[in-house]
file run02.txt (compact mmCIF, C-alpha atoms and all ligand atoms)
# COMPACT_ATOMS: atom_id res chain seq x y z
CA MET K 19 10.91 20.39 19.97
CA ALA K 20 13.23 21.88 17.39
CA VAL K 21 12.73 20.49 13.92
CA THR K 22 15.75 19.35 11.92
CA THR K 23 16.05 19.06 8.15
CA GLU K 24 16.21 15.28 8.55
CA LYS K 25 12.99 15.22 10.58
CA LEU K 26 11.28 17.52 8.10
CA VAL K 27 12.30 15.27 5.19
CA GLY K 28 10.72 12.30 7.01
CA LEU K 29 7.49 14.21 7.54
CA LEU K 30 7.42 15.43 3.92
CA ASN K 31 7.85 11.82 2.79
CA MET K 32 4.76 10.87 4.83
CA ASP K 33 2.90 13.77 3.16
CA LEU K 34 4.11 12.52 -0.23
CA GLU K 35 2.83 8.98 0.41
CA LEU K 36 -0.54 10.42 1.41
CA GLU K 37 -0.65 12.51 -1.80
CA TYR K 38 -0.17 9.34 -3.83
CA SER K 39 -2.89 7.53 -1.88
CA ALA K 40 -5.24 10.53 -2.19
CA ALA K 41 -4.79 10.54 -5.99
CA ILE K 42 -5.56 6.80 -6.23
CA GLN K 43 -8.50 7.13 -3.85
CA TYR K 44 -9.99 9.96 -5.94
CA ILE K 45 -9.54 7.98 -9.18
CA ASN K 46 -11.30 5.01 -7.55
CA HIS K 47 -14.14 7.06 -6.07
CA ALA K 48 -14.75 8.97 -9.31
CA ALA K 49 -14.94 5.65 -11.19
CA VAL K 50 -17.31 3.79 -8.85
CA MET K 51 -19.59 6.66 -7.77
CA THR K 52 -22.99 6.58 -9.48
CA GLY K 53 -26.15 8.65 -9.68
CA ALA K 54 -27.12 11.80 -11.58
CA ALA K 55 -27.06 13.84 -8.36
CA TYR K 56 -23.34 13.08 -8.04
CA GLY K 57 -22.37 14.11 -11.58
CA ASP K 58 -20.82 17.44 -10.55
CA ILE K 59 -18.80 16.07 -7.64
CA ILE K 60 -17.56 13.13 -9.76
CA LYS K 61 -16.06 15.72 -12.16
CA GLU K 62 -14.48 17.51 -9.19
CA LEU K 63 -12.99 14.26 -7.85
CA ARG K 64 -11.19 13.75 -11.18
CA ILE K 65 -9.76 17.28 -10.94
CA HIS K 66 -8.70 16.58 -7.33
CA ALA K 67 -6.87 13.42 -8.45
CA ASN K 68 -4.76 15.44 -10.89
CA GLU K 69 -4.05 18.11 -8.29
CA GLU K 70 -2.87 15.49 -5.77
CA ILE K 71 -0.43 14.21 -8.41
CA GLN K 72 0.87 17.77 -8.86
CA HIS K 73 1.37 17.96 -5.08
CA ALA K 74 3.28 14.67 -5.20
CA MET K 75 5.58 16.15 -7.88
CA ILE K 76 6.20 19.32 -5.86
CA LEU K 77 6.94 17.34 -2.68
CA SER K 78 9.24 14.90 -4.50
CA ASN K 79 11.28 17.79 -5.89
CA GLN K 80 11.45 19.57 -2.53
CA ILE K 81 12.52 16.38 -0.71
CA ASP K 82 15.27 15.83 -3.28
CA TYR K 83 16.35 19.47 -2.92
CA LEU K 84 16.63 19.00 0.86
CA GLY K 85 18.93 16.02 0.29
CA GLY K 86 16.35 13.32 1.00
CA SER K 87 15.12 10.37 -1.04
CA PRO K 88 11.52 10.90 -2.19
CA SER K 89 9.36 7.96 -1.09
CA ILE K 90 7.80 5.68 -3.68
CA ASN K 91 5.41 4.14 -1.13
CA VAL K 92 1.69 4.75 -1.14
CA GLY K 93 -0.30 5.57 2.01
CA LYS K 94 -3.60 4.06 3.10
CA ILE K 95 -6.47 4.10 0.58
CA LEU K 96 -10.14 3.88 1.56
CA THR K 97 -13.20 3.06 -0.52
CA SER K 98 -16.84 2.13 0.04
CA MET K 99 -19.99 0.94 -1.73
CA ASP K 100 -21.77 4.10 -0.57
CA ASN K 101 -21.30 7.48 -2.30
CA ASP K 102 -21.56 9.64 0.81
CA GLU K 103 -19.26 7.33 2.74
CA MET K 104 -16.64 7.78 0.01
CA LEU K 105 -17.06 11.55 0.09
CA GLN K 106 -16.64 11.46 3.88
CA GLU K 107 -13.45 9.40 3.51
CA ASP K 108 -12.17 12.02 1.06
CA LEU K 109 -13.13 14.88 3.39
CA ASP K 110 -11.40 13.20 6.35
CA GLY K 111 -8.26 12.88 4.23
CA GLU K 112 -8.38 16.56 3.23
CA GLU K 113 -8.89 17.69 6.82
CA ASP K 114 -5.90 15.60 7.85
CA ALA K 115 -3.87 17.12 4.99
CA ILE K 116 -4.83 20.66 6.04
CA LYS K 117 -3.63 19.94 9.59
CA ARG K 118 -0.38 18.40 8.36
CA TYR K 119 0.44 21.21 5.92
CA ARG K 120 -0.26 23.90 8.53
CA ALA K 121 2.29 22.21 10.77
CA ARG K 122 4.70 21.70 7.86
CA ILE K 123 4.65 25.40 6.89
CA ALA K 124 5.61 26.36 10.46
CA GLN K 125 8.39 23.73 10.46
CA ALA K 126 9.74 24.92 7.08
CA GLU K 127 9.81 28.51 8.34
CA GLU K 128 11.55 27.45 11.54
CA LEU K 129 14.33 26.07 9.30
CA LYS K 130 14.23 29.23 7.14
CA GLU K 131 13.21 27.11 4.15
CA PHE K 132 11.02 29.92 2.84
CA ALA K 133 10.67 28.64 -0.73
CA LEU K 134 9.47 25.29 0.62
CA ALA K 135 7.06 27.11 2.95
CA GLN K 136 5.69 29.01 -0.07
CA GLN K 137 5.13 25.77 -2.01
CA LEU K 138 3.41 24.23 1.01
CA ARG K 139 1.15 27.30 1.29
CA ASN K 140 0.08 26.79 -2.34
CA ILE K 141 -0.67 23.12 -1.62
CA LEU K 142 -2.58 24.04 1.55
CA ALA K 143 -4.80 26.48 -0.40
CA VAL K 144 -5.70 23.70 -2.86
CA GLU K 145 -6.46 21.22 -0.04
CA GLN K 146 -8.79 23.80 1.50
CA GLU K 147 -10.63 24.08 -1.83
CA HIS K 148 -10.88 20.29 -1.98
CA ALA K 149 -12.38 20.19 1.52
CA MET K 150 -14.90 22.89 0.58
CA ASP K 151 -16.00 20.98 -2.56
CA LEU K 152 -16.53 17.82 -0.49
CA LYS K 153 -18.40 19.62 2.29
CA GLN K 154 -20.69 21.19 -0.26
CA ALA K 155 -21.40 17.81 -1.89
CA LEU K 156 -22.14 16.33 1.54
CA GLY K 157 -24.48 19.24 2.34
CA LYS K 158 -22.27 20.38 5.24
FE FE X 201 -2.77 17.23 -2.14
FE FE X 202 -6.59 17.37 -1.66

call {"tool": "encode", "arguments": {"input": "run02.txt", "output": "structure tokens"}}
result
Amino acid sequence: MAVTTEKLVGLLNMDLELEYSAAIQYINHAAVMTGAAYGDIIKELRIHANEEIQHAMILSNQIDYLGGSPSINVGKILTSMDNDEMLQEDLDGEEDAIKRYRARIAQAEELKEFALAQQLRNILAVEQEHAMDLKQALGK
């Protein structure tokens, strides 16, 4: 299955929508999470929210560069009344992002879009840090 620029733009737009939803989800979770034991992770969630917005900016610019129209839609957002359930929702999202960006890097390289691949590698490294923060908070 050879990837085309058009296909890659479509996939990057899905990634972009999920960056927007991740940012909103983190803002929501940081706001509603309670309990002294969660103080440190609440601070981390706020940092994650800002980093997801940075990813959205990078992806928007790259999609435009590739000749596409950056999506302004927002992906699915999950919340809960339970702290650990919220952290699990966030971890699931990060693990999905890690899988998607691994695939996206390979697709960008297949098209010899090496600058894009480099940007995606930087995003992937941040998503891995996010997953580690969440695992630690969940005692995993
Ligand atoms: Fe992200
Ligand atoms: Fe993330």

call {"tool": "residues_around", "arguments": {"input": "run02.txt", "residues": "K:Asp58", "least_positions_apart": "5", "cutoff": "12 Å", "atoms": "only C-alpha atoms", "output": "PyMOL selection string"}}
result
chain K and resi 48+51-53+63-65+151-152+154-155

call {"tool": "atom_distance", "arguments": {"input": "run02.txt", "atom1": "atom CA of K:Thr23", "atom2": "atom CA of K:Gln125"}}
result
9.3 Å

call {"tool": "atom_distance", "arguments": {"input": "run02.txt", "atom1": "atom CA of K:Glu35", "atom2": "atom CA of K:Asn91"}}
result
5.7 Å

call {"tool": "residues_near_point", "arguments": {"input": "run02.txt", "point": "(9.2, 5.9, -4.5)", "cutoff": "12 Å", "atoms": "all atoms listed in the file", "output": "list in words"}}
result
Asn31, Met32, Leu34, Glu35, Tyr38, Ala74, Met75, Leu77, Ser78, Ile81, Asp82, Gly86, Ser87, Pro88, Ser89, Ile90, Asn91, Val92 and Gly93 of chain K

call {"tool": "closest_residue", "arguments": {"input": "run02.txt", "among": "K:Gly85, K:Ala143, K:Ala49, K:Ser98", "to": "ligand FE 201 (chain X)", "atoms": "all atoms listed in the file"}}
result
K:Ala143

call {"tool": "closest_residue", "arguments": {"input": "run02.txt", "among": "K:Ala67, K:Ala121, K:Ala133, K:Ile59", "to": "ligand FE 202 (chain X)", "atoms": "all atoms listed in the file"}}
result
K:Ala67
